[in-house]
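Note sheet for the following structure.
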Amino acid sequence: MQPESGRRSELRSLERGLEILLMFAEEGSRVRDVGDVMSLLRVPRSTAYRFIKVLRDRGFLQDAPGRGNFELGPQVSVLSAAMENRFDLSRTVLPLLHEMVERTNETAFVGVRSGPLAICLDLVESPQSIRLYFRRGRRLPLYAGATAKVVLAHLSRKERERILSGPLHAFTELTVTDPEALRRQLDEIVANGYFISRGEREPGIHAVSVAAFRPSGKFLCALTVAGPGYRMPDDKIQECLAVAKDAAAKLTDEIARFDGQERPVPPRRSGQVLELRRKAG
């Protein structure tokens, strides 16, 4: 039987391995090398090779021509085929993103966790000529910005603390980097179900992000509306918040129909979630 320390090490390698696999989706490249892993994960060469070996041993990566090069392995195709028969969040949420854009005239996107980061799973851009520039697959640090903070707030306390104990870089003068202040914000997000960001990730960009949940009450994703600050005064922020809340409730309903389940009474840990579910019902 594998020692507990060995299992923890293996799980850690698999967690970092997920970030390696996401490189292919984000950049669209077929072949990568060990230098890419070293740069992405900020680890020495020996550690990068260890992570690559874990994925290679399980068939997620395979050797490619050239020293130190690798590409996706056959096990990725197996997972892809299996996922086609499961709930497709991106496909389900896309019509809701279109509706959010139609109602707000701003960019809307969905964010989910990706290891120690948040990732933009899908988006619909604003029709306006001046709009937020974003792209699918963009990775975000979990401590800065509306989407990322909503995701971080719904991780376990242990996972939260691991993020807050790491380097917290200020992206703008409004980025919150004090761990205690961030803890208070995260607790408020869990209580309220949303977060409003004004220029803390990118200067001049305002964003509203709402937590969306599975019918069981488990956190699923963050639904966000974002745009230039001059088009997002307080009244527009409140309008976008209402739209995002509505989309989050509809997403939960869609998942319930997919699973053939009735929506249960949501958990009492979030007063905002209770409010959303009552309105949706």
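Numbering starts fresh at 1 for the residues of each chain in the structure tokens, the chains themselves are lettered A, B, ... in the order given, and ligands are numbered from 1 as they appear.
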request  = Select from segment 58-215 of chain A everything DSSP, run on the backbone, classes as strand (DSSP E), then give the selection as a PyMOL selection string.
outcome  = chain A and resi 61-63+69-72+107-114+117-124+139-141+194-198+205-213
message = DSSP on the backbone: which residues in segment 160-201 of chain A end up as helix (DSSP H, G or I)? Give the answer as a PyMOL selection string.
response = chain A and resi 160-164+179-192
With C-alpha atoms retained, export the selected residues as a PDB file, in the first residue's frame.
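New file result-v1.pdb:
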ATOM      1  CA  ARG A 160      -8.307  29.259   0.064  1.00  0.00           C
ATOM      2  CA  GLU A 161      -5.470  29.574   2.526  1.00  0.00           C
ATOM      3  CA  ARG A 162      -3.038  27.909   0.141  1.00  0.00           C
ATOM      4  CA  ILE A 163      -3.818  30.598  -2.448  1.00  0.00           C
ATOM      5  CA  LEU A 164      -3.688  33.447   0.077  1.00  0.00           C
ATOM      6  CA  PRO A 179      -4.662  38.339   3.000  1.00  0.00           C
ATOM      7  CA  GLU A 180      -6.911  39.423   5.868  1.00  0.00           C
ATOM      8  CA  ALA A 181      -8.817  41.884   3.682  1.00  0.00           C
ATOM      9  CA  LEU A 182      -9.195  39.159   1.056  1.00  0.00           C
ATOM     10  CA  ARG A 183     -10.558  36.734   3.655  1.00  0.00           C
ATOM     11  CA  ARG A 184     -13.255  39.251   4.581  1.00  0.00           C
ATOM     12  CA  GLN A 185     -14.152  39.734   0.923  1.00  0.00           C
ATOM     13  CA  LEU A 186     -14.382  35.993   0.327  1.00  0.00           C
ATOM     14  CA  ASP A 187     -16.672  35.500   3.318  1.00  0.00           C
ATOM     15  CA  GLU A 188     -18.910  38.289   1.995  1.00  0.00           C
ATOM     16  CA  ILE A 189     -19.026  36.619  -1.415  1.00  0.00           C
ATOM     17  CA  VAL A 190     -20.197  33.337   0.126  1.00  0.00           C
ATOM     18  CA  ALA A 191     -22.860  35.213   2.104  1.00  0.00           C
ATOM     19  CA  ASN A 192     -24.044  37.417  -0.787  1.00  0.00           C
TER      20      ASN A 192
END
key: Non-local contacts of Glu106 of chain A (12 Å; only C-alpha atoms; under 5 positions in same chain excluded) as a ChimeraX atom specification   = /A:97-101,123-133,205-208,224-229,231-232,236-237,239-240,243-244
Residues as selected, N, CA and C atoms, written as a compact mmCIF listing (two decimals), in the first residue's frame, can you do that?
# COMPACT_ATOMS: atom_id res chain seq x y z
N LEU A 97 -25.34 33.18 -21.86
CA LEU A 97 -24.38 34.26 -22.08
C LEU A 97 -24.89 35.22 -23.15
N HIS A 98 -25.46 34.66 -24.22
CA HIS A 98 -26.04 35.51 -25.26
C HIS A 98 -27.16 36.38 -24.69
N GLU A 99 -27.99 35.79 -23.85
CA GLU A 99 -29.08 36.54 -23.23
C GLU A 99 -28.54 37.64 -22.33
N MET A 100 -27.47 37.35 -21.58
CA MET A 100 -26.86 38.36 -20.72
C MET A 100 -26.34 39.55 -21.54
N VAL A 101 -25.74 39.25 -22.68
CA VAL A 101 -25.22 40.32 -23.54
C VAL A 101 -26.36 41.13 -24.14
N LEU A 123 -17.33 32.66 -23.62
CA LEU A 123 -17.75 34.06 -23.52
C LEU A 123 -18.52 34.47 -24.76
N VAL A 124 -19.27 35.57 -24.60
CA VAL A 124 -19.93 36.24 -25.72
C VAL A 124 -19.57 37.72 -25.61
N GLU A 125 -19.02 38.29 -26.67
CA GLU A 125 -18.55 39.66 -26.62
C GLU A 125 -19.68 40.67 -26.78
N SER A 126 -19.47 41.84 -26.21
CA SER A 126 -20.38 42.96 -26.39
C SER A 126 -20.42 43.37 -27.86
N PRO A 127 -21.57 43.80 -28.37
CA PRO A 127 -21.64 44.28 -29.76
C PRO A 127 -21.06 45.67 -29.94
N GLN A 128 -20.73 46.36 -28.84
CA GLN A 128 -20.24 47.72 -28.93
C GLN A 128 -18.79 47.76 -29.42
N SER A 129 -18.44 48.85 -30.10
CA SER A 129 -17.11 48.95 -30.69
C SER A 129 -16.01 49.00 -29.63
N ILE A 130 -16.29 49.65 -28.50
CA ILE A 130 -15.34 49.65 -27.37
C ILE A 130 -15.85 48.64 -26.35
N ARG A 131 -15.08 47.59 -26.15
CA ARG A 131 -15.54 46.52 -25.28
C ARG A 131 -14.35 45.85 -24.62
N LEU A 132 -14.66 45.04 -23.63
CA LEU A 132 -13.62 44.29 -22.92
C LEU A 132 -13.01 43.25 -23.85
N TYR A 133 -11.67 43.22 -23.91
CA TYR A 133 -10.99 42.19 -24.69
C TYR A 133 -10.74 40.99 -23.77
N ILE A 205 -11.74 48.72 -15.94
CA ILE A 205 -12.72 47.67 -16.23
C ILE A 205 -13.52 47.35 -14.98
N HIS A 206 -14.84 47.40 -15.10
CA HIS A 206 -15.74 47.04 -14.01
C HIS A 206 -16.41 45.71 -14.35
N ALA A 207 -16.63 44.89 -13.35
CA ALA A 207 -17.22 43.57 -13.58
C ALA A 207 -18.12 43.16 -12.43
N VAL A 208 -19.16 42.42 -12.77
CA VAL A 208 -20.08 41.85 -11.79
C VAL A 208 -20.10 40.34 -12.01
N THR A 224 -20.30 36.19 -15.30
CA THR A 224 -19.78 37.55 -15.18
C THR A 224 -20.22 38.44 -16.33
N VAL A 225 -20.51 39.69 -16.00
CA VAL A 225 -20.72 40.75 -17.00
C VAL A 225 -19.65 41.80 -16.73
N ALA A 226 -18.97 42.24 -17.79
CA ALA A 226 -17.88 43.20 -17.62
C ALA A 226 -17.83 44.18 -18.77
N GLY A 227 -17.33 45.38 -18.47
CA GLY A 227 -17.21 46.40 -19.50
C GLY A 227 -16.42 47.59 -19.01
N PRO A 228 -16.22 48.59 -19.87
CA PRO A 228 -15.49 49.79 -19.48
C PRO A 228 -16.19 50.52 -18.34
N GLY A 229 -15.42 51.04 -17.41
CA GLY A 229 -15.99 51.68 -16.24
C GLY A 229 -16.92 52.83 -16.55
N ARG A 231 -19.04 53.06 -18.77
CA ARG A 231 -20.38 52.57 -19.13
C ARG A 231 -21.00 51.77 -18.00
N MET A 232 -20.30 51.66 -16.87
CA MET A 232 -20.78 50.83 -15.77
C MET A 232 -20.91 51.63 -14.48
N LYS A 236 -26.03 50.87 -13.62
CA LYS A 236 -25.77 49.82 -14.61
C LYS A 236 -25.21 48.58 -13.92
N ILE A 237 -24.38 48.77 -12.92
CA ILE A 237 -23.86 47.64 -12.15
C ILE A 237 -25.01 46.83 -11.56
N GLU A 239 -28.07 46.70 -12.60
CA GLU A 239 -28.78 46.06 -13.70
C GLU A 239 -28.06 44.77 -14.13
N CYS A 240 -26.74 44.86 -14.27
CA CYS A 240 -25.96 43.69 -14.66
C CYS A 240 -26.02 42.60 -13.59
N VAL A 243 -29.25 40.72 -13.96
CA VAL A 243 -29.19 39.85 -15.13
C VAL A 243 -28.37 38.61 -14.85
N ALA A 244 -27.22 38.77 -14.20
CA ALA A 244 -26.35 37.64 -13.89
C ALA A 244 -27.02 36.68 -12.89
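Here atom CA of Leu168 of chain A is placed at a distance of 28.3 Å from atom CA of Arg32 of chain A.
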key: Close residues, Thr47 of chain A itself excluded, 10 Å, only C-alpha atoms, min 4 positions apart in chain, as a PyMOL selection string   = chain A and resi 13+34+37-38+41-43+51-53
Residues within 9 Å of Gly35 of chain A, only C-alpha atoms, excluding chain neighbours under 3 positions, as a tab-separated table (two decimals) with N, CA and C atoms, in the first residue's frame:
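Contents of the output file around.tsv:
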chain	number	residue	atom	x	y	z
A	32	ARG	N	4.70	20.49	-27.31
A	32	ARG	CA	5.29	21.34	-26.27
A	32	ARG	C	6.62	20.75	-25.85
A	38	MET	N	8.40	24.46	-17.46
A	38	MET	CA	9.19	25.21	-16.48
A	38	MET	C	8.68	26.65	-16.37
A	39	SER	N	8.38	27.25	-17.52
A	39	SER	CA	7.90	28.64	-17.54
A	39	SER	C	6.49	28.73	-16.96
A	40	LEU	N	5.61	27.81	-17.34
A	40	LEU	CA	4.23	27.85	-16.87
A	40	LEU	C	4.12	27.66	-15.37
A	45	ARG	N	13.86	22.24	-13.89
A	45	ARG	CA	13.74	21.23	-14.95
A	45	ARG	C	13.40	19.85	-14.39
A	48	ALA	N	9.76	19.69	-13.51
A	48	ALA	CA	8.94	19.69	-14.73
A	48	ALA	C	8.91	18.29	-15.35
A	68	GLY	N	13.08	16.42	-25.56
A	68	GLY	CA	12.25	17.02	-24.52
A	68	GLY	C	10.87	17.42	-24.96
query = Between atom CA of Met23 of chain A and atom CA of Gly137 of chain A, what is the spacing in Å?
reply =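 These two atoms are separated by 9.1 Å.
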Shortest interatomic distance to Thr92 of chain A - which of A:Leu121, A:Ile20, A:Gly66, A:Glu15, counting only C-alpha atoms = A:Leu121
